[in-house]
Structures are given as C-alpha cells and as structure tokens.
$ cat start.pdb   # PDB, C-alpha atoms
ATOM      1  CA  MET A   7      13.560  40.018 -56.847
ATOM      2  CA  SER A   8      15.044  43.091 -55.214
ATOM      3  CA  LYS A   9      17.734  40.958 -53.513
ATOM      4  CA  VAL A  10      18.668  39.483 -56.900
ATOM      5  CA  LEU A  11      18.825  42.980 -58.407
ATOM      6  CA  ILE A  12      20.987  44.292 -55.584
ATOM      7  CA  ALA A  13      23.349  41.309 -55.764
ATOM      8  CA  ALA A  14      23.610  41.590 -59.556
ATOM      9  CA  LEU A  15      24.180  45.344 -59.384
ATOM     10  CA  VAL A  16      26.882  45.044 -56.717
ATOM     11  CA  GLY A  17      28.550  42.249 -58.659
ATOM     12  CA  SER A  18      28.383  44.327 -61.816
ATOM     13  CA  LEU A  19      29.869  47.368 -60.152
ATOM     14  CA  LEU A  20      32.691  45.264 -58.748
ATOM     15  CA  ALA A  21      33.375  43.964 -62.246
ATOM     16  CA  ILE A  22      34.022  47.431 -63.685
ATOM     17  CA  PRO A  23      37.678  47.535 -62.577
ATOM     18  CA  ALA A  24      38.222  44.111 -64.139
ATOM     19  CA  ALA A  25      36.533  45.236 -67.354
ATOM     20  CA  ALA A  26      38.637  48.362 -67.370
ATOM     21  CA  GLN A  27      41.802  46.285 -67.061
ATOM     22  CA  THR A  28      40.877  44.310 -70.179
ATOM     23  CA  GLY A  29      40.124  47.403 -72.221
ATOM     24  CA  GLY A  30      42.744  46.801 -74.837
ATOM     25  CA  GLN A  31      46.444  46.456 -75.320
ATOM     26  CA  SER A  32      47.162  49.958 -74.083
ATOM     27  CA  GLY A  33      45.261  49.278 -70.850
ATOM     28  CA  ALA A  34      42.833  52.125 -71.585
ATOM     29  CA  THR A  35      39.383  51.960 -70.018
ATOM     30  CA  PRO A  36      36.691  51.071 -72.579
ATOM     31  CA  ALA A  37      34.289  53.879 -73.436
ATOM     32  CA  ASN A  38      31.354  52.052 -71.817
ATOM     33  CA  PRO A  39      32.771  49.667 -69.213
ATOM     34  CA  LEU A  40      29.548  48.722 -67.403
ATOM     35  CA  SER A  41      27.361  48.261 -70.480
ATOM     36  CA  THR A  42      30.183  46.382 -72.246
ATOM     37  CA  TRP A  43      30.564  44.061 -69.270
ATOM     38  CA  LEU A  44      26.801  43.505 -69.003
ATOM     39  CA  ARG A  45      26.435  42.812 -72.743
ATOM     40  CA  ASN A  46      29.282  40.266 -72.664
ATOM     41  CA  ALA A  47      27.978  38.637 -69.467
ATOM     42  CA  TYR A  48      24.459  38.421 -70.910
ATOM     43  CA  MET A  49      25.693  36.853 -74.162
ATOM     44  CA  GLY A  50      27.832  34.307 -72.299
ATOM     45  CA  ASN A  51      24.884  33.461 -70.056
ATOM     46  CA  ARG A  52      22.595  33.191 -73.061
ATOM     47  CA  ASN A  53      24.958  30.726 -74.711
ATOM     48  CA  VAL A  54      25.201  28.377 -71.709
ATOM     49  CA  ILE A  55      21.433  28.452 -71.163
ATOM     50  CA  VAL A  56      20.662  27.594 -74.791
ATOM     51  CA  ARG A  57      23.349  24.902 -74.987
ATOM     52  CA  SER A  58      22.089  23.343 -71.741
ATOM     53  CA  ALA A  59      18.464  23.417 -72.922
ATOM     54  CA  GLU A  60      19.595  21.726 -76.137
ATOM     55  CA  LYS A  61      21.510  19.032 -74.197
ATOM     56  CA  MET A  62      18.573  18.023 -72.025
ATOM     57  CA  PRO A  63      16.696  15.128 -73.676
ATOM     58  CA  GLU A  64      13.053  15.748 -74.505
ATOM     59  CA  GLU A  65      11.854  13.056 -72.084
ATOM     60  CA  ASN A  66      13.317  15.121 -69.210
ATOM     61  CA  TYR A  67      11.556  18.364 -70.115
ATOM     62  CA  GLY A  68       8.596  17.302 -67.960
ATOM     63  CA  MET A  69      10.638  16.344 -64.901
ATOM     64  CA  ARG A  70      10.461  18.063 -61.526
ATOM     65  CA  PRO A  71      13.097  17.611 -58.804
ATOM     66  CA  GLY A  72      10.420  16.354 -56.393
ATOM     67  CA  THR A  73       6.706  15.706 -56.079
ATOM     68  CA  GLN A  74       5.664  19.312 -55.443
ATOM     69  CA  GLN A  75       3.489  20.406 -58.354
ATOM     70  CA  GLU A  76       4.221  24.089 -57.681
ATOM     71  CA  VAL A  77       7.871  23.497 -58.657
ATOM     72  CA  ARG A  78       8.495  24.100 -62.346
ATOM     73  CA  THR A  79       9.454  21.296 -64.686
ATOM     74  CA  PHE A  80      12.682  21.659 -66.647
ATOM     75  CA  GLY A  81      10.670  22.816 -69.669
ATOM     76  CA  GLN A  82       8.785  25.335 -67.557
ATOM     77  CA  GLN A  83      12.137  26.731 -66.351
ATOM     78  CA  VAL A  84      13.091  27.289 -70.003
ATOM     79  CA  GLY A  85       9.708  28.893 -70.709
ATOM     80  CA  HIS A  86      10.048  31.074 -67.609
ATOM     81  CA  ILE A  87      13.344  32.501 -68.875
ATOM     82  CA  ALA A  88      11.710  33.246 -72.234
ATOM     83  CA  ASN A  89       8.697  34.951 -70.588
ATOM     84  CA  TYR A  90      10.839  37.270 -68.505
ATOM     85  CA  ASN A  91      13.321  38.090 -71.259
ATOM     86  CA  PHE A  92      10.441  39.232 -73.466
ATOM     87  CA  MET A  93       8.851  41.205 -70.618
ATOM     88  CA  TRP A  94      11.925  42.975 -69.272
ATOM     89  CA  CYS A  95      13.623  43.619 -72.610
ATOM     90  CA  ALA A  96      10.390  45.100 -74.006
ATOM     91  CA  GLN A  97      10.260  47.448 -71.034
ATOM     92  CA  ALA A  98      13.938  48.357 -71.458
ATOM     93  CA  LYS A  99      13.218  49.124 -75.133
ATOM     94  CA  GLY A 100      10.092  51.103 -74.268
ATOM     95  CA  GLU A 101       8.005  48.746 -76.408
ATOM     96  CA  LYS A 102       4.904  46.635 -75.910
ATOM     97  CA  ASN A 103       5.823  43.067 -74.965
ATOM     98  CA  PRO A 104       5.595  41.057 -78.218
ATOM     99  CA  ASN A 105       4.765  38.000 -76.116
ATOM    100  CA  ALA A 106       2.086  39.639 -73.934
ATOM    101  CA  GLY A 107      -0.688  37.233 -73.026
ATOM    102  CA  ASN A 108       1.313  34.095 -73.887
ATOM    103  CA  ASN A 109       2.633  31.943 -71.075
ATOM    104  CA  LEU A 110       5.640  30.152 -72.546
ATOM    105  CA  GLU A 111       5.780  27.864 -69.505
ATOM    106  CA  LYS A 112       2.754  26.050 -70.951
ATOM    107  CA  LEU A 113       4.432  24.812 -74.136
ATOM    108  CA  ASN A 114       4.448  21.089 -74.818
ATOM    109  CA  SER A 115       7.657  20.004 -76.549
ATOM    110  CA  LYS A 116      11.386  20.580 -76.371
ATOM    111  CA  ALA A 117      11.286  22.102 -79.867
ATOM    112  CA  GLU A 118       8.621  24.619 -78.773
ATOM    113  CA  PHE A 119      10.544  25.549 -75.627
ATOM    114  CA  LEU A 120      13.813  25.968 -77.571
ATOM    115  CA  LYS A 121      12.126  28.145 -80.189
ATOM    116  CA  ALA A 122      10.590  30.363 -77.506
ATOM    117  CA  LEU A 123      13.917  30.626 -75.678
ATOM    118  CA  ASN A 124      15.843  31.546 -78.829
ATOM    119  CA  ASP A 125      13.145  34.014 -79.930
ATOM    120  CA  ALA A 126      13.259  35.736 -76.531
ATOM    121  CA  PHE A 127      17.039  35.946 -76.508
ATOM    122  CA  THR A 128      17.078  37.269 -80.078
ATOM    123  CA  TYR A 129      14.534  39.907 -79.073
ATOM    124  CA  CYS A 130      16.752  40.965 -76.156
ATOM    125  CA  GLU A 131      19.926  41.213 -78.241
ATOM    126  CA  GLY A 132      18.854  44.566 -79.661
ATOM    127  CA  VAL A 133      18.590  46.265 -76.285
ATOM    128  CA  TYR A 134      21.840  44.769 -74.979
ATOM    129  CA  SER A 135      23.795  45.498 -78.174
ATOM    130  CA  SER A 136      22.695  49.141 -78.291
ATOM    131  CA  LEU A 137      23.204  49.732 -74.560
ATOM    132  CA  THR A 138      25.736  52.349 -73.497
ATOM    133  CA  ASP A 139      26.578  53.490 -69.997
ATOM    134  CA  ALA A 140      24.689  56.728 -70.739
ATOM    135  CA  SER A 141      21.554  55.028 -72.103
ATOM    136  CA  GLY A 142      21.686  52.651 -69.137
ATOM    137  CA  LEU A 143      21.213  55.651 -66.834
ATOM    138  CA  GLU A 144      17.937  56.640 -68.505
ATOM    139  CA  MET A 145      14.763  56.006 -66.505
ATOM    140  CA  VAL A 146      12.242  53.557 -67.983
ATOM    141  CA  ASP A 147       8.676  52.668 -67.052
ATOM    142  CA  ILE A 148       8.354  49.219 -65.512
ATOM    143  CA  THR A 149       5.285  47.116 -64.862
ATOM    144  CA  GLN A 150       6.112  44.597 -62.174
ATOM    145  CA  GLU A 151       4.639  41.103 -62.096
ATOM    146  CA  SER A 152       2.078  42.358 -59.550
ATOM    147  CA  GLY A 153       0.944  45.053 -62.024
ATOM    148  CA  ARG A 154       2.514  47.804 -59.923
ATOM    149  CA  GLN A 155       3.947  50.633 -62.024
ATOM    150  CA  THR A 156       7.450  51.877 -61.205
ATOM    151  CA  ARG A 157      10.382  53.602 -62.864
ATOM    152  CA  ASN A 158      13.993  52.540 -62.727
ATOM    153  CA  LEU A 159      17.237  52.808 -64.631
ATOM    154  CA  ARG A 160      17.350  50.874 -67.912
ATOM    155  CA  MET A 161      20.657  49.371 -66.737
ATOM    156  CA  ALA A 162      19.086  48.185 -63.465
ATOM    157  CA  LEU A 163      16.279  46.445 -65.358
ATOM    158  CA  LEU A 164      18.766  44.709 -67.674
ATOM    159  CA  ILE A 165      20.971  43.698 -64.746
ATOM    160  CA  LEU A 166      17.831  42.252 -63.114
ATOM    161  CA  ASN A 167      17.154  40.303 -66.318
ATOM    162  CA  TYR A 168      20.722  38.968 -66.422
ATOM    163  CA  GLY A 169      20.615  38.031 -62.727
ATOM    164  CA  HIS A 170      17.245  36.324 -63.142
ATOM    165  CA  ASN A 171      18.598  34.318 -66.106
ATOM    166  CA  ASN A 172      21.467  33.153 -63.881
ATOM    167  CA  GLU A 173      19.089  32.251 -61.068
ATOM    168  CA  ILE A 174      16.907  30.085 -63.311
ATOM    169  CA  TYR A 175      19.966  28.589 -65.009
ATOM    170  CA  GLY A 176      21.115  27.425 -61.565
ATOM    171  CA  ASN A 177      17.826  25.552 -61.239
ATOM    172  CA  MET A 178      18.279  24.016 -64.692
ATOM    173  CA  VAL A 179      21.750  22.806 -63.687
ATOM    174  CA  THR A 180      20.248  20.916 -60.737
ATOM    175  CA  TYR A 181      17.794  19.102 -63.018
ATOM    176  CA  MET A 182      20.606  18.214 -65.432
ATOM    177  CA  ARG A 183      22.883  16.925 -62.661
ATOM    178  CA  MET A 184      20.036  14.742 -61.369
ATOM    179  CA  LYS A 185      20.117  13.035 -64.785
ATOM    180  CA  ASP A 186      23.949  12.871 -64.921
ATOM    181  CA  ILE A 187      24.085  15.449 -67.726
ATOM    182  CA  VAL A 188      26.942  17.945 -67.650
ATOM    183  CA  PRO A 189      25.541  21.486 -68.062
ATOM    184  CA  ALA A 190      27.170  23.706 -70.667
ATOM    185  CA  SER A 191      28.898  25.925 -68.087
ATOM    186  CA  SER A 192      30.720  22.867 -66.680
ATOM    187  CA  GLU A 193      31.853  21.351 -69.961
ATOM    188  CA  PRO A 194      35.607  20.895 -70.277
ATOM    189  CA  ARG A 195      37.365  23.951 -71.714
ATOM    190  CA  PRO A 196      39.586  23.543 -74.774
ATOM    191  CA  GLN A 197      43.313  23.507 -73.985
ATOM    192  CA  ARG A 198      45.212  26.604 -75.074
TER     193      ARG A 198
END
$ encode --input "start.pdb" --output "structure tokens"
Amino acid sequence: MSKVLIAALVGSLLAIPAAAQTGGQSGATPANPLSTWLRNAYMGNRNVIVRSAEKMPEENYGMRPGTQQEVRTFGQQVGHIANYNFMWCAQAKGEKNPNAGNNLEKLNSKAEFLKALNDAFTYCEGVYSSLTDASGLEMVDITQESGRQTRNLRMALLILNYGHNNEIYGNMVTYMRMKDIVPASSEPRPQR
C-alpha cells in the first residue's frame, strides 16, 4: 500500500497548483487547497463507485474475472471498499471502527453490498468535510492490516483511502467491461 500512498500523495501535491487556479473569480488561492482538492476528489470518486455498483446487475455480483478463487468477486470488491472506508476513516477521526469485526466482503446480495457501501461512505463524509490543511497535518494513530501500530498524518491516511478507492474501482471497471456495462466514470457527459 505504500506505493499507492506515495503515488496518491504525489498526485495530490501536483494538483495543488490546479486547485489554486480554480480558487474563485479573483484567482485567489483557496484557504485550504489540499484538503479542498482531496474532499472534492473523494466525493467525485464516491459518486462513480456508487453509481457503478448500482449499474451492475445482481447476477454479476458473484462473478470473478477468472477461475482463481483468491480473486474477489464484484460484490467482494464493493464490500472491500466499505471495509477499508470504515477502518481508515475511523482512524482519521480517532474513533473506534463502527464496523469492527464485520467482514463486508461476506455479504450475500446486491442490496446488502450497496447498503454497506453507502453506510461506509456516509461515515467517511464527516472526516472529509471537516478536513482542513491544518487538521490534515495532525498525527493520528493507525493500526495497519497486519496489526502493526504506526502514526502518520491524517491527510496521508485519507489520501491512502482515496487512492485505495480508486484502485478497487479500477478492478470494478474491468468486471463491468467484461459484461459490456459502461462504468459511471465513462458515461457520456452532458453537452454544455
């Protein structure tokens, strides 16, 4: 995951000048350019993930792209996003994971997966909406998947979450394309 974090962080830092250029009619830099960019990127990513999960028919939630049983099904990909959003956003908030002990990859129906996904994203909204560049620089305690305890910047943890969402969304897109379903991020844009 460290490569994902580094790539997401570098990409985020490169986006600051672009965010600063869109800071308003006067061209002034927004008060919190990095956290504003991350919040907007997260919300856009959230929307395409949810819309894509909604588009996939229920009969395809159990599909894998091959015969390897260690590869997640489409539904398990959705559950995986929910698991990690609960885990990392709880840590960014300094709270106990409200989903601790539940593996959302083991749900059984599209409706259950969609509920878990929406619940996880709703839980994360609070930390992203209250994020500022200053609060993003605060150190938070992190328990890694291995159980190892570390500390890192709140912003780094949330960038990791955003990058991980994108990584898993890329997998979801592959499953959708295999079934000739256009993922939400590739839908035609309205003409202006």
$ closest_residue --input "start.pdb" --among "A:Thr128, A:Thr73, A:Asn114, A:Ser58" --to "Ala190 (chain A)" --atoms "all atoms listed in the file"
A:Ser58
$ residues_around --input "start.pdb" --residues "Ala122 (chain A)" --least-positions-apart "3" --cutoff "9 Å" --atoms "only C-alpha atoms" --output "JSON, numbers by chain"
{"A": [84, 85, 88, 89, 110, 113, 117, 118, 119, 125, 126, 127]}
$ residues_around --input "start.pdb" --residues "Arg52 (chain A)" --least-positions-apart "5" --cutoff "10 Å" --atoms "all atoms listed in the file" --output "PDB file with C-alpha atoms, keeping the file's coordinate frame"
ATOM      1  CA  ASN A  46      29.282  40.266 -72.664  1.00  0.00           C
ATOM      2  CA  ALA A  47      27.978  38.637 -69.467  1.00  0.00           C
ATOM      3  CA  ARG A  57      23.349  24.902 -74.987  1.00  0.00           C
ATOM      4  CA  SER A  58      22.089  23.343 -71.741  1.00  0.00           C
ATOM      5  CA  LEU A 123      13.917  30.626 -75.678  1.00  0.00           C
ATOM      6  CA  ASN A 124      15.843  31.546 -78.829  1.00  0.00           C
ATOM      7  CA  PHE A 127      17.039  35.946 -76.508  1.00  0.00           C
ATOM      8  CA  THR A 128      17.078  37.269 -80.078  1.00  0.00           C
ATOM      9  CA  GLU A 131      19.926  41.213 -78.241  1.00  0.00           C
ATOM     10  CA  TYR A 168      20.722  38.968 -66.422  1.00  0.00           C
ATOM     11  CA  ASN A 171      18.598  34.318 -66.106  1.00  0.00           C
ATOM     12  CA  ASN A 172      21.467  33.153 -63.881  1.00  0.00           C
ATOM     13  CA  TYR A 175      19.966  28.589 -65.009  1.00  0.00           C
TER      14      TYR A 175
END
$ atom_distance --input "start.pdb" --atom1 "CA of Cys95 (chain A)" --atom2 "CA of Asn167 (chain A)"
7.9 Å
$ closest_residue --input "start.pdb" --among "A:Thr79, A:Ile87, A:Gln197, A:Ala96" --to "Ile55 (chain A)" --atoms "only C-alpha atoms"
A:Ile87
$ closest_residue --input "start.pdb" --among "A:Ile174, A:Met145, A:Met182, A:Ile165" --to "Glu60 (chain A)" --atoms "all atoms listed in the file"
A:Met182
$ closest_residue --input "start.pdb" --among "A:Met62, A:Val54, A:Met49, A:Cys130" --to "Asp186 (chain A)" --atoms "all atoms listed in the file"
A:Met62
$ residues_around --input "start.pdb" --residues "Gly100 (chain A)" --least-positions-apart "6" --cutoff "12 Å" --atoms "only C-alpha atoms" --output "list in words"
Phe92, Met93, Trp94, Val133, Glu144, Met145, Val146, Asp147, Ile148, Thr149, Arg157, Arg160 and Leu163 of chain A
$ atom_distance --input "start.pdb" --atom1 "CA of Thr138 (chain A)" --atom2 "CA of Ser41 (chain A)"
5.3 Å
$ closest_residue --input "start.pdb" --among "A:Glu151, A:Glu64, A:Glu193, A:Glu101" --to "Tyr129 (chain A)" --atoms "all atoms listed in the file"
A:Glu101
$ atom_distance --input "start.pdb" --atom1 "CA of Thr35 (chain A)" --atom2 "CA of Asn158 (chain A)"
26.4 Å
$ axis_aligned_box --input "start.pdb" --around "region 35-43 of chain A" --padding-each-side "4 Å" --output "JSON"
{"center_x": 33.4, "center_y": 49.0, "center_z": -70.4, "size_x": 20.0, "size_y": 17.8, "size_z": 14.0}
$ resolve_selection --input "start.pdb" --expression "the PyMOL selection byres ((chain A and resi 69) around 9)" --output "ChimeraX atom specification"
/A:65-68,70-72,78-81,181
$ write_last_selection --input "start.pdb" --atoms "C-alpha atoms" --output "mmCIF file, keeping the file's coordinate frame"
data_model
loop_
_atom_site.group_PDB
_atom_site.id
_atom_site.type_symbol
_atom_site.label_atom_id
_atom_site.label_comp_id
_atom_site.auth_asym_id
_atom_site.auth_seq_id
_atom_site.Cartn_x
_atom_site.Cartn_y
_atom_site.Cartn_z
ATOM 1 C CA GLU A 65 11.854 13.056 -72.084
ATOM 2 C CA ASN A 66 13.317 15.121 -69.210
ATOM 3 C CA TYR A 67 11.556 18.364 -70.115
ATOM 4 C CA GLY A 68 8.596 17.302 -67.960
ATOM 5 C CA ARG A 70 10.461 18.063 -61.526
ATOM 6 C CA PRO A 71 13.097 17.611 -58.804
ATOM 7 C CA GLY A 72 10.420 16.354 -56.393
ATOM 8 C CA ARG A 78 8.495 24.100 -62.346
ATOM 9 C CA THR A 79 9.454 21.296 -64.686
ATOM 10 C CA PHE A 80 12.682 21.659 -66.647
ATOM 11 C CA GLY A 81 10.670 22.816 -69.669
ATOM 12 C CA TYR A 181 17.794 19.102 -63.018
#
$ decode --input "start.pdb" --residues "region 115-128 of chain A" --atoms "all heavy atoms" --output "JSON list (two decimals), in the first residue's frame"
[["chain", "number", "residue", "atom", "x", "y", "z"],
["A", 115, "SER", "N", -26.10, -10.23, -0.98],
["A", 115, "SER", "CA", -26.94, -9.69, -2.05],
["A", 115, "SER", "C", -26.46, -8.30, -2.46],
["A", 115, "SER", "O", -25.77, -7.60, -1.70],
["A", 115, "SER", "CB", -28.40, -9.61, -1.60],
["A", 115, "SER", "OG", -28.54, -8.59, -0.61],
["A", 116, "LYS", "N", -26.85, -7.90, -3.65],
["A", 116, "LYS", "CA", -26.52, -6.56, -4.14],
["A", 116, "LYS", "C", -27.03, -5.51, -3.16],
["A", 116, "LYS", "O", -26.31, -4.55, -2.85],
["A", 116, "LYS", "CB", -27.14, -6.36, -5.53],
["A", 116, "LYS", "CG", -26.93, -4.97, -6.08],
["A", 116, "LYS", "CD", -27.54, -4.83, -7.47],
["A", 116, "LYS", "CE", -27.40, -3.40, -7.99],
["A", 116, "LYS", "NZ", -27.92, -3.25, -9.35],
["A", 117, "ALA", "N", -28.25, -5.67, -2.67],
["A", 117, "ALA", "CA", -28.83, -4.70, -1.73],
["A", 117, "ALA", "C", -27.97, -4.57, -0.48],
["A", 117, "ALA", "O", -27.74, -3.45, 0.01],
["A", 117, "ALA", "CB", -30.26, -5.09, -1.37],
["A", 118, "GLU", "N", -27.47, -5.71, 0.04],
["A", 118, "GLU", "CA", -26.62, -5.66, 1.24],
["A", 118, "GLU", "C", -25.30, -4.96, 0.94],
["A", 118, "GLU", "O", -24.81, -4.15, 1.74],
["A", 118, "GLU", "CB", -26.36, -7.07, 1.75],
["A", 118, "GLU", "CG", -27.56, -7.76, 2.35],
["A", 118, "GLU", "CD", -27.30, -9.21, 2.70],
["A", 118, "GLU", "OE1", -26.59, -9.91, 1.93],
["A", 118, "GLU", "OE2", -27.79, -9.64, 3.75],
["A", 119, "PHE", "N", -24.70, -5.29, -0.20],
["A", 119, "PHE", "CA", -23.44, -4.64, -0.57],
["A", 119, "PHE", "C", -23.63, -3.13, -0.76],
["A", 119, "PHE", "O", -22.81, -2.34, -0.30],
["A", 119, "PHE", "CB", -22.86, -5.25, -1.85],
["A", 119, "PHE", "CG", -22.17, -6.57, -1.65],
["A", 119, "PHE", "CD1", -22.68, -7.74, -2.22],
["A", 119, "PHE", "CD2", -21.00, -6.68, -0.90],
["A", 119, "PHE", "CE1", -22.03, -8.96, -2.05],
["A", 119, "PHE", "CE2", -20.35, -7.89, -0.72],
["A", 119, "PHE", "CZ", -20.88, -9.04, -1.29],
["A", 120, "LEU", "N", -24.70, -2.72, -1.44],
["A", 120, "LEU", "CA", -24.95, -1.30, -1.66],
["A", 120, "LEU", "C", -25.19, -0.56, -0.34],
["A", 120, "LEU", "O", -24.72, 0.55, -0.15],
["A", 120, "LEU", "CB", -26.12, -1.09, -2.61],
["A", 120, "LEU", "CG", -25.83, -1.36, -4.08],
["A", 120, "LEU", "CD1", -27.12, -1.28, -4.90],
["A", 120, "LEU", "CD2", -24.79, -0.39, -4.62],
["A", 121, "LYS", "N", -25.92, -1.18, 0.57],
["A", 121, "LYS", "CA", -26.15, -0.55, 1.87],
["A", 121, "LYS", "C", -24.84, -0.36, 2.61],
["A", 121, "LYS", "O", -24.56, 0.72, 3.15],
["A", 121, "LYS", "CB", -27.13, -1.37, 2.71],
["A", 121, "LYS", "CG", -27.40, -0.72, 4.08],
["A", 121, "LYS", "CD", -28.36, -1.51, 4.91],
["A", 121, "LYS", "CE", -28.66, -0.89, 6.26],
["A", 121, "LYS", "NZ", -27.74, 0.05, 6.84],
["A", 122, "ALA", "N", -24.01, -1.40, 2.64],
["A", 122, "ALA", "CA", -22.72, -1.31, 3.31],
["A", 122, "ALA", "C", -21.85, -0.23, 2.68],
["A", 122, "ALA", "O", -21.21, 0.57, 3.39],
["A", 122, "ALA", "CB", -22.01, -2.66, 3.28],
["A", 123, "LEU", "N", -21.82, -0.18, 1.37],
["A", 123, "LEU", "CA", -21.02, 0.82, 0.66],
["A", 123, "LEU", "C", -21.49, 2.23, 1.00],
["A", 123, "LEU", "O", -20.68, 3.10, 1.35],
["A", 123, "LEU", "CB", -21.10, 0.57, -0.85],
["A", 123, "LEU", "CG", -20.28, 1.49, -1.74],
["A", 123, "LEU", "CD1", -18.78, 1.27, -1.51],
["A", 123, "LEU", "CD2", -20.62, 1.24, -3.21],
["A", 124, "ASN", "N", -22.79, 2.46, 0.92],
["A", 124, "ASN", "CA", -23.33, 3.79, 1.22],
["A", 124, "ASN", "C", -23.14, 4.16, 2.69],
["A", 124, "ASN", "O", -22.83, 5.31, 3.00],
["A", 124, "ASN", "CB", -24.80, 3.87, 0.82],
["A", 124, "ASN", "CG", -24.96, 4.08, -0.67],
["A", 124, "ASN", "OD1", -24.44, 5.04, -1.23],
["A", 124, "ASN", "ND2", -25.66, 3.18, -1.32],
["A", 125, "ASP", "N", -23.29, 3.19, 3.59],
["A", 125, "ASP", "CA", -23.06, 3.46, 5.02],
["A", 125, "ASP", "C", -21.61, 3.85, 5.26],
["A", 125, "ASP", "O", -21.33, 4.78, 6.02],
["A", 125, "ASP", "CB", -23.41, 2.23, 5.86],
["A", 125, "ASP", "CG", -24.90, 1.97, 5.96],
["A", 125, "ASP", "OD1", -25.71, 2.82, 5.53],
["A", 125, "ASP", "OD2", -25.27, 0.87, 6.46],
["A", 126, "ALA", "N", -20.68, 3.15, 4.62],
["A", 126, "ALA", "CA", -19.26, 3.46, 4.80],
["A", 126, "ALA", "C", -18.92, 4.85, 4.26],
["A", 126, "ALA", "O", -18.21, 5.62, 4.90],
["A", 126, "ALA", "CB", -18.40, 2.39, 4.14],
["A", 127, "PHE", "N", -19.43, 5.15, 3.08],
["A", 127, "PHE", "CA", -19.16, 6.47, 2.50],
["A", 127, "PHE", "C", -19.79, 7.57, 3.34],
["A", 127, "PHE", "O", -19.19, 8.63, 3.54],
["A", 127, "PHE", "CB", -19.66, 6.54, 1.06],
["A", 127, "PHE", "CG", -18.73, 5.92, 0.05],
["A", 127, "PHE", "CD1", -19.23, 5.19, -1.02],
["A", 127, "PHE", "CD2", -17.36, 6.07, 0.14],
["A", 127, "PHE", "CE1", -18.39, 4.64, -1.97],
["A", 127, "PHE", "CE2", -16.50, 5.51, -0.81],
["A", 127, "PHE", "CZ", -17.02, 4.80, -1.87],
["A", 128, "THR", "N", -20.98, 7.35, 3.85],
["A", 128, "THR", "CA", -21.63, 8.35, 4.71],
["A", 128, "THR", "C", -20.80, 8.56, 5.97],
["A", 128, "THR", "O", -20.61, 9.69, 6.43],
["A", 128, "THR", "CB", -23.06, 7.90, 5.06],
["A", 128, "THR", "OG1", -23.81, 7.82, 3.84],
["A", 128, "THR", "CG2", -23.73, 8.87, 6.01]]
